[in-house]
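Q: Take a look at model.cif, mmCIF, C-alpha atoms:
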data_run
loop_
_atom_site.label_atom_id
_atom_site.label_comp_id
_atom_site.auth_asym_id
_atom_site.auth_seq_id
_atom_site.Cartn_x
_atom_site.Cartn_y
_atom_site.Cartn_z
CA MET B 1 -22.22 -10.30 -18.67
CA ASP B 2 -21.87 -7.86 -15.77
CA GLN B 3 -21.62 -4.12 -16.28
CA PRO B 4 -18.47 -2.94 -18.10
CA ILE B 5 -15.29 -3.11 -16.07
CA TRP B 6 -14.33 0.40 -17.14
CA PRO B 7 -17.61 2.16 -18.03
CA LEU B 8 -17.44 5.35 -20.03
CA GLY B 9 -18.17 8.38 -17.90
CA ALA B 10 -17.00 6.69 -14.70
CA ARG B 11 -15.08 8.64 -12.11
CA CYS B 12 -11.88 7.74 -10.34
CA PRO B 13 -12.79 6.46 -6.85
CA ALA B 14 -9.70 8.13 -5.35
CA CYS B 15 -9.97 11.63 -6.83
CA ALA B 16 -13.49 11.74 -8.36
CA HIS B 17 -12.15 12.99 -11.70
CA ALA B 18 -13.93 11.69 -14.77
CA ILE B 19 -11.97 9.00 -16.60
CA ALA B 20 -10.91 10.20 -20.05
CA GLN B 21 -12.10 8.41 -23.16
CA ARG B 22 -11.06 8.24 -26.79
CA GLU B 23 -13.24 6.84 -29.56
CA GLY B 24 -15.45 5.06 -27.05
CA ILE B 25 -12.57 3.49 -25.07
CA ALA B 26 -11.74 4.41 -21.47
CA SER B 27 -8.31 6.03 -21.26
CA PHE B 28 -6.37 5.81 -17.99
CA ALA B 29 -3.02 7.07 -19.30
CA PRO B 30 -3.90 9.61 -22.01
CA GLU B 31 -0.62 11.47 -21.50
CA LEU B 32 1.29 8.41 -22.80
CA ALA B 33 -1.07 7.52 -25.65
CA ASP B 34 0.73 6.96 -28.97
CA THR B 35 4.03 8.28 -27.66
CA ILE B 36 7.22 6.30 -28.26
CA SER B 37 7.07 4.82 -24.79
CA GLY B 38 8.50 1.31 -25.00
CA PHE B 39 7.18 0.84 -28.54
CA ASP B 40 6.77 2.89 -31.68
CA PRO B 41 3.01 3.04 -32.36
CA LYS B 42 3.68 3.63 -36.05
CA ALA B 43 4.61 -0.05 -36.30
CA PHE B 44 1.05 -1.30 -35.66
CA ASP B 45 -0.19 -0.94 -39.24
CA GLU B 46 2.62 -3.09 -40.60
CA LEU B 47 2.38 -5.52 -37.69
CA ALA B 48 -1.33 -6.09 -38.20
CA ALA B 49 -0.68 -7.12 -41.80
CA LEU B 50 2.23 -9.43 -40.91
CA GLU B 51 0.81 -11.38 -37.96
CA PRO B 52 -1.85 -13.63 -39.54
CA GLY B 53 0.52 -15.60 -41.77
CA HIS B 54 3.90 -15.25 -40.09
CA PHE B 55 5.41 -18.44 -38.66
CA TRP B 56 6.41 -16.95 -35.31
CA PHE B 57 3.08 -15.28 -34.51
CA VAL B 58 1.03 -18.27 -35.70
CA ALA B 59 3.00 -20.84 -33.68
CA ARG B 60 3.18 -18.62 -30.60
CA ASN B 61 -0.61 -18.25 -30.67
CA GLU B 62 -1.02 -22.03 -30.76
CA LEU B 63 1.30 -22.43 -27.78
CA ILE B 64 -0.39 -19.72 -25.71
CA VAL B 65 -3.92 -20.99 -26.36
CA ARG B 66 -3.03 -24.59 -25.57
CA LEU B 67 -1.10 -23.67 -22.40
CA ALA B 68 -4.16 -21.76 -21.20
CA SER B 69 -6.31 -24.81 -21.93
CA LYS B 70 -3.89 -27.17 -20.19
CA TYR B 71 -3.25 -25.19 -17.00
CA PHE B 72 -6.40 -23.09 -16.59
CA PRO B 73 -9.25 -24.92 -18.34
CA GLN B 74 -11.85 -23.44 -15.97
CA ALA B 75 -10.81 -19.82 -16.45
CA ARG B 76 -13.66 -17.67 -17.75
CA ARG B 77 -12.34 -14.13 -17.27
CA PHE B 78 -9.20 -13.10 -19.16
CA LEU B 79 -7.18 -9.90 -19.51
CA GLU B 80 -4.39 -9.46 -22.02
CA VAL B 81 -1.96 -6.73 -21.01
CA GLY B 82 -0.48 -5.01 -24.05
CA CYS B 83 -2.87 -6.58 -26.54
CA GLY B 84 -1.50 -4.59 -29.49
CA THR B 85 -3.52 -5.31 -32.62
CA GLY B 86 -5.62 -8.00 -30.93
CA PHE B 87 -4.06 -10.93 -32.80
CA VAL B 88 -3.47 -13.09 -29.70
CA LEU B 89 -6.68 -11.99 -28.03
CA ARG B 90 -8.71 -13.09 -31.06
CA ALA B 91 -7.20 -16.59 -30.84
CA ILE B 92 -7.99 -16.73 -27.13
CA ALA B 93 -11.53 -15.50 -27.76
CA ASN B 94 -12.08 -18.32 -30.26
CA ALA B 95 -10.66 -21.01 -27.98
CA ARG B 96 -13.56 -21.30 -25.50
CA ASP B 97 -16.67 -19.59 -24.14
CA TRP B 98 -15.59 -16.73 -21.90
CA ASP B 99 -17.68 -14.77 -19.44
CA ARG B 100 -15.42 -11.77 -19.84
CA LEU B 101 -12.57 -10.86 -22.17
CA ALA B 102 -10.55 -7.67 -21.95
CA GLY B 103 -7.52 -6.23 -23.65
CA SER B 104 -5.39 -3.31 -22.55
CA GLU B 105 -2.91 -1.32 -24.61
CA LEU B 106 -1.00 1.90 -24.04
CA HIS B 107 -1.42 2.99 -27.66
CA PRO B 108 -4.84 3.80 -29.19
CA SER B 109 -3.36 3.10 -32.65
CA GLY B 110 -3.03 -0.54 -31.61
CA LEU B 111 -6.50 -0.60 -30.09
CA ALA B 112 -7.95 0.66 -33.39
CA HIS B 113 -6.76 -2.56 -35.06
CA ALA B 114 -7.89 -4.67 -32.11
CA ARG B 115 -11.40 -3.23 -32.27
CA LYS B 116 -11.69 -4.31 -35.91
CA ARG B 117 -10.41 -7.82 -35.18
CA LEU B 118 -12.35 -8.59 -32.03
CA PRO B 119 -16.02 -9.16 -31.14
CA ASP B 120 -17.82 -6.19 -29.65
CA THR B 121 -18.12 -8.12 -26.38
CA VAL B 122 -14.35 -7.81 -25.80
CA GLU B 123 -13.64 -4.80 -23.56
CA LEU B 124 -10.71 -2.63 -24.60
CA VAL B 125 -8.97 -0.07 -22.42
CA GLN B 126 -6.06 2.32 -22.84
CA MET B 127 -3.81 2.12 -19.80
CA ASP B 128 -0.29 1.94 -18.43
CA ALA B 129 0.51 -1.74 -17.74
CA ARG B 130 2.14 -0.75 -14.45
CA ASN B 131 -1.22 0.45 -13.12
CA ILE B 132 -4.09 -1.91 -13.89
CA PRO B 133 -7.37 -0.48 -12.54
CA ALA B 134 -8.84 -3.84 -11.46
CA THR B 135 -8.48 -5.98 -8.34
CA GLY B 136 -8.86 -9.77 -8.32
CA LEU B 137 -11.18 -9.58 -11.30
CA PHE B 138 -9.60 -12.04 -13.74
CA ASP B 139 -9.02 -15.79 -13.66
CA LEU B 140 -6.18 -15.48 -16.13
CA THR B 141 -3.97 -12.63 -17.30
CA GLY B 142 -1.38 -12.59 -20.07
CA ALA B 143 1.42 -10.42 -21.43
CA PHE B 144 3.01 -11.65 -24.63
CA ASP B 145 6.27 -9.93 -25.58
CA VAL B 146 5.28 -6.83 -23.65
CA ILE B 147 7.18 -6.48 -20.38
CA GLU B 148 10.61 -6.39 -22.06
CA HIS B 149 9.56 -2.96 -23.37
CA ILE B 150 9.04 -1.58 -19.84
CA ALA B 151 11.91 -0.50 -17.58
CA ASP B 152 10.09 -1.49 -14.38
CA ASP B 153 8.88 -4.90 -15.51
CA GLU B 154 8.20 -5.99 -11.93
CA ALA B 155 5.66 -3.18 -11.57
CA VAL B 156 3.74 -4.83 -14.42
CA LEU B 157 3.94 -8.25 -12.73
CA ARG B 158 2.67 -6.74 -9.47
CA ALA B 159 -0.19 -5.07 -11.31
CA MET B 160 -1.06 -8.34 -13.05
CA ARG B 161 -1.03 -10.15 -9.72
CA GLY B 162 -3.35 -7.52 -8.26
CA ALA B 163 -5.79 -7.97 -11.15
CA THR B 164 -5.73 -11.78 -10.87
CA ALA B 165 -7.96 -13.73 -8.50
CA MET B 166 -6.30 -16.00 -5.94
CA GLY B 167 -5.63 -19.34 -7.62
CA GLY B 168 -5.90 -17.76 -11.04
CA GLY B 169 -2.97 -17.56 -13.34
CA ALA B 170 -0.72 -15.67 -15.70
CA ILE B 171 1.04 -16.57 -18.93
CA ILE B 172 4.04 -14.45 -19.88
CA ALA B 173 6.22 -14.55 -23.01
CA VAL B 174 9.48 -12.61 -23.34
CA PRO B 175 12.58 -12.54 -25.57
CA GLN B 176 15.45 -14.55 -24.09
CA HIS B 177 19.27 -14.55 -23.86
CA ARG B 178 21.25 -11.35 -23.50
CA TRP B 179 23.82 -12.67 -25.94
CA LEU B 180 21.17 -12.48 -28.69
CA TRP B 181 20.90 -8.71 -28.21
CA SER B 182 21.10 -6.91 -31.55
CA ARG B 183 20.08 -3.76 -33.36
CA SER B 184 16.64 -5.36 -33.79
CA ASP B 185 16.12 -5.14 -30.02
CA GLU B 186 17.11 -1.49 -30.03
CA VAL B 187 14.75 -0.66 -32.91
CA ALA B 188 11.97 -2.50 -31.05
CA HIS B 189 12.62 -0.38 -27.93
CA HIS B 190 13.44 -3.39 -25.77
CA GLU B 191 14.76 -2.69 -22.29
CA ARG B 192 16.21 -6.21 -22.00
CA ARG B 193 16.33 -9.79 -23.14
CA TYR B 194 15.82 -12.18 -20.23
CA ASP B 195 18.37 -14.58 -18.81
CA ARG B 196 17.17 -18.11 -18.14
CA GLY B 197 15.46 -18.10 -14.73
CA GLU B 198 15.14 -14.31 -14.50
CA LEU B 199 11.43 -14.10 -15.30
CA GLU B 200 10.66 -16.99 -12.96
CA ARG B 201 12.42 -15.23 -10.07
CA LYS B 202 10.57 -12.01 -10.74
CA LEU B 203 7.21 -13.81 -10.85
CA ARG B 204 7.91 -15.50 -7.51
CA ARG B 205 8.87 -12.18 -5.94
CA ASN B 206 5.55 -10.71 -7.03
CA GLY B 207 3.02 -13.25 -5.79
CA PHE B 208 3.14 -16.09 -8.32
CA GLU B 209 4.05 -19.76 -8.23
CA VAL B 210 5.69 -21.04 -11.43
CA LEU B 211 3.86 -24.02 -12.97
CA PHE B 212 5.63 -24.30 -16.31
CA SER B 213 8.62 -22.72 -18.01
CA SER B 214 10.24 -23.40 -21.36
CA SER B 215 12.14 -21.73 -24.13
CA PHE B 216 10.32 -21.10 -27.40
CA THR B 217 11.81 -21.07 -30.91
CA ALA B 218 14.40 -23.54 -29.62
CA LEU B 219 14.60 -25.45 -32.89
CA LEU B 220 15.23 -22.23 -34.78
CA LEU B 221 17.85 -20.88 -32.37
CA PRO B 222 20.81 -21.74 -34.67
CA LEU B 223 19.17 -19.72 -37.45
CA MET B 224 18.63 -16.80 -35.07
CA VAL B 225 22.26 -16.90 -33.95
CA ALA B 226 23.47 -17.00 -37.56
CA SER B 227 21.14 -14.17 -38.58
CA ARG B 228 22.27 -11.94 -35.71
CA ALA B 229 25.94 -12.70 -36.38
CA LEU B 230 25.64 -11.91 -40.09
CA GLY B 231 23.78 -8.71 -39.34
CA ARG B 232 26.38 -7.28 -36.96
CA GLY B 233 28.15 -4.27 -38.36
CA LYS B 234 25.62 -3.80 -41.16
CA GLN B 235 23.19 -0.93 -41.51
CA SER B 236 19.86 -2.33 -40.29
CA SER B 237 16.33 -1.23 -41.07
CA GLU B 238 14.68 1.13 -38.65
CA SER B 239 11.42 -0.80 -39.04
CA VAL B 240 10.57 -2.87 -35.96
CA ASN B 241 8.99 -5.47 -38.25
CA HIS B 242 11.86 -5.74 -40.76
CA GLU B 243 13.16 -9.07 -39.43
CA PHE B 244 9.68 -10.64 -39.77
CA MET B 245 9.59 -10.22 -43.56
CA LEU B 246 10.31 -13.57 -45.24
CA ASP B 247 9.91 -15.41 -48.52
CA GLN B 248 6.62 -17.34 -48.46
CA ARG B 249 8.28 -20.75 -48.98
CA ILE B 250 10.75 -20.18 -46.15
CA ASN B 251 7.92 -18.95 -43.94
CA GLY B 252 5.97 -22.17 -44.60
CA LEU B 253 8.94 -24.34 -43.66
CA LEU B 254 9.59 -22.40 -40.45
CA THR B 255 5.89 -22.61 -39.56
CA ALA B 256 6.02 -26.42 -39.81
CA ILE B 257 9.16 -26.55 -37.66
CA LEU B 258 7.73 -24.33 -34.93
CA ARG B 259 4.41 -26.19 -34.89
CA LEU B 260 6.39 -29.39 -34.30
CA GLU B 261 8.19 -27.66 -31.44
CA VAL B 262 4.86 -26.57 -29.94
CA ARG B 263 3.58 -30.17 -30.02
CA MET B 264 6.76 -31.42 -28.35
CA THR B 265 6.55 -28.68 -25.71
CA LEU B 266 2.96 -29.50 -24.85
CA ALA B 267 3.92 -33.18 -24.62
CA GLY B 268 6.24 -32.26 -21.74
CA LEU B 269 9.56 -31.22 -23.27
CA ALA B 270 11.00 -28.05 -21.68
CA TRP B 271 13.62 -26.54 -23.97
CA PRO B 272 16.68 -25.10 -22.17
CA ALA B 273 17.49 -22.45 -24.81
CA GLY B 274 15.57 -20.53 -27.44
CA GLY B 275 14.86 -17.05 -28.72
CA SER B 276 11.91 -16.62 -26.34
CA ARG B 277 10.75 -17.90 -22.95
CA VAL B 278 7.18 -18.72 -21.99
CA VAL B 279 6.19 -19.08 -18.33
CA VAL B 280 2.88 -20.15 -16.79
CA ALA B 281 2.29 -19.17 -13.17
CA ARG B 282 -0.43 -19.33 -10.52
CA ALA B 283 -1.43 -16.44 -8.24
CA VAL B 284 -0.71 -17.33 -4.59
#
Kindly present the structure from the file in structure tokens form.

A:
Amino acid sequence: MDQPIWPLGARCPACAHAIAQREGIASFAPELADTISGFDPKAFDELAALEPGHFWFVARNELIVRLASKYFPQARRFLEVGCGTGFVLRAIANARDWDRLAGSELHPSGLAHARKRLPDTVELVQMDARNIPATGLFDLTGAFDVIEHIADDEAVLRAMRGATAMGGGAIIAVPQHRWLWSRSDEVAHHERRYDRGELERKLRRNGFEVLFSSSFTALLLPLMVASRALGRGKQSSESVNHEFMLDQRINGLLTAILRLEVRMTLAGLAWPAGGSRVVVARAV
């Protein structure tokens, strides 16, 4: 492996100031660290415990890993923007031999979990996703349910394009359909749910060519609609992870359904509607 991308003790090339660090991790946006800026960092402890067995996280990981394998099998340098607790990044790390793996996160409380989950060879950095301090360095970048938390989502897409080598790619996942907006989105500090075609247009405006686009959790959309409808007007939990808490038997059934959907998606079926949208794009 080359020298670290963001070595401790390095200085900013523009202003010569030393880059801050926290617990051995370079910090490019220390003023935003662990503030409620798009996400409540207190949710990471609960999230880290929920992810490994929860149907939505498990199936989404399978889809992301297999899309990366299908569209960018030669990629060897990967950056996840907004890596949170490192749950997705660990699955990506296990999927193939990488020359370089990196994960960025605004909140050190998320990076603390990621450091425990990930091999020491994975580089972690605290930064604002709108300003990625890397140019053309990665073959593949990803942001999985991240950019909906950021008011200027196109700034993140521009930054990802800048960090991606020509011909490399990006995989983005976002929540979909404005009409699904609920108190859960507000508690999660979402700025938006995406209309169909919105993310694709924004990617094209910011230097990407769309290779694949499909809804995700399409088969479970009726359940989502019913759940949101029943929850309207009721006092909802202030926990961002409240809606992920399920009976184990129900969780097992939903896992099987979503894994079937993933297989159908990878076989070529693009779902027109669903709770999420996943888009694969190439840097042009």

Q: Would you pick out the contacts of segment 156-160 of chain B at 7 Å or less, using only C-alpha atoms, so that residues sharing its chain but fewer than 2 positions from it are not included, and give the list as a list in words?

A: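 Once the nearby chain positions are removed, what remains is Ala129, Arg130, Asn131, Ile132, Thr141, Asp153, Glu154, Gly162, Ala163, Thr164, Leu203 and Asn206 of chain B.
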
Q: One decimal, Å: what's the distance from atom CA of Cys83 of chain B over to atom CA of Ala173 of chain B, could you say?

A: 12.6 Å

Q: Go through B:Val225, B:Leu140, B:Ile250, B:Ala10 one by one, measure the shortest atom-to-atom distance of each to Ile172 of chain B using all atoms listed in the file, and give the residue with the smallest value.

A: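 Of all the options, B:Leu140 lies closest to Ile172 of chain B.
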
Q: Which residues come within 9 Å of Ala256 of chain B, counting all atoms listed in the file, excluding same-chain residues fewer than 4 positions away, as a list in words?

A: Phe55, Ala59, Asn251, Gly252, Leu260 and Glu261 of chain B

Q: Which residue gives the smallest distance to Phe208 of chain B among B:Ile171, B:Met224, B:Ile92, B:Leu269, with only C-alpha atoms counted?

A: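 So, comparing all the options, the nearest one is B:Ile171.
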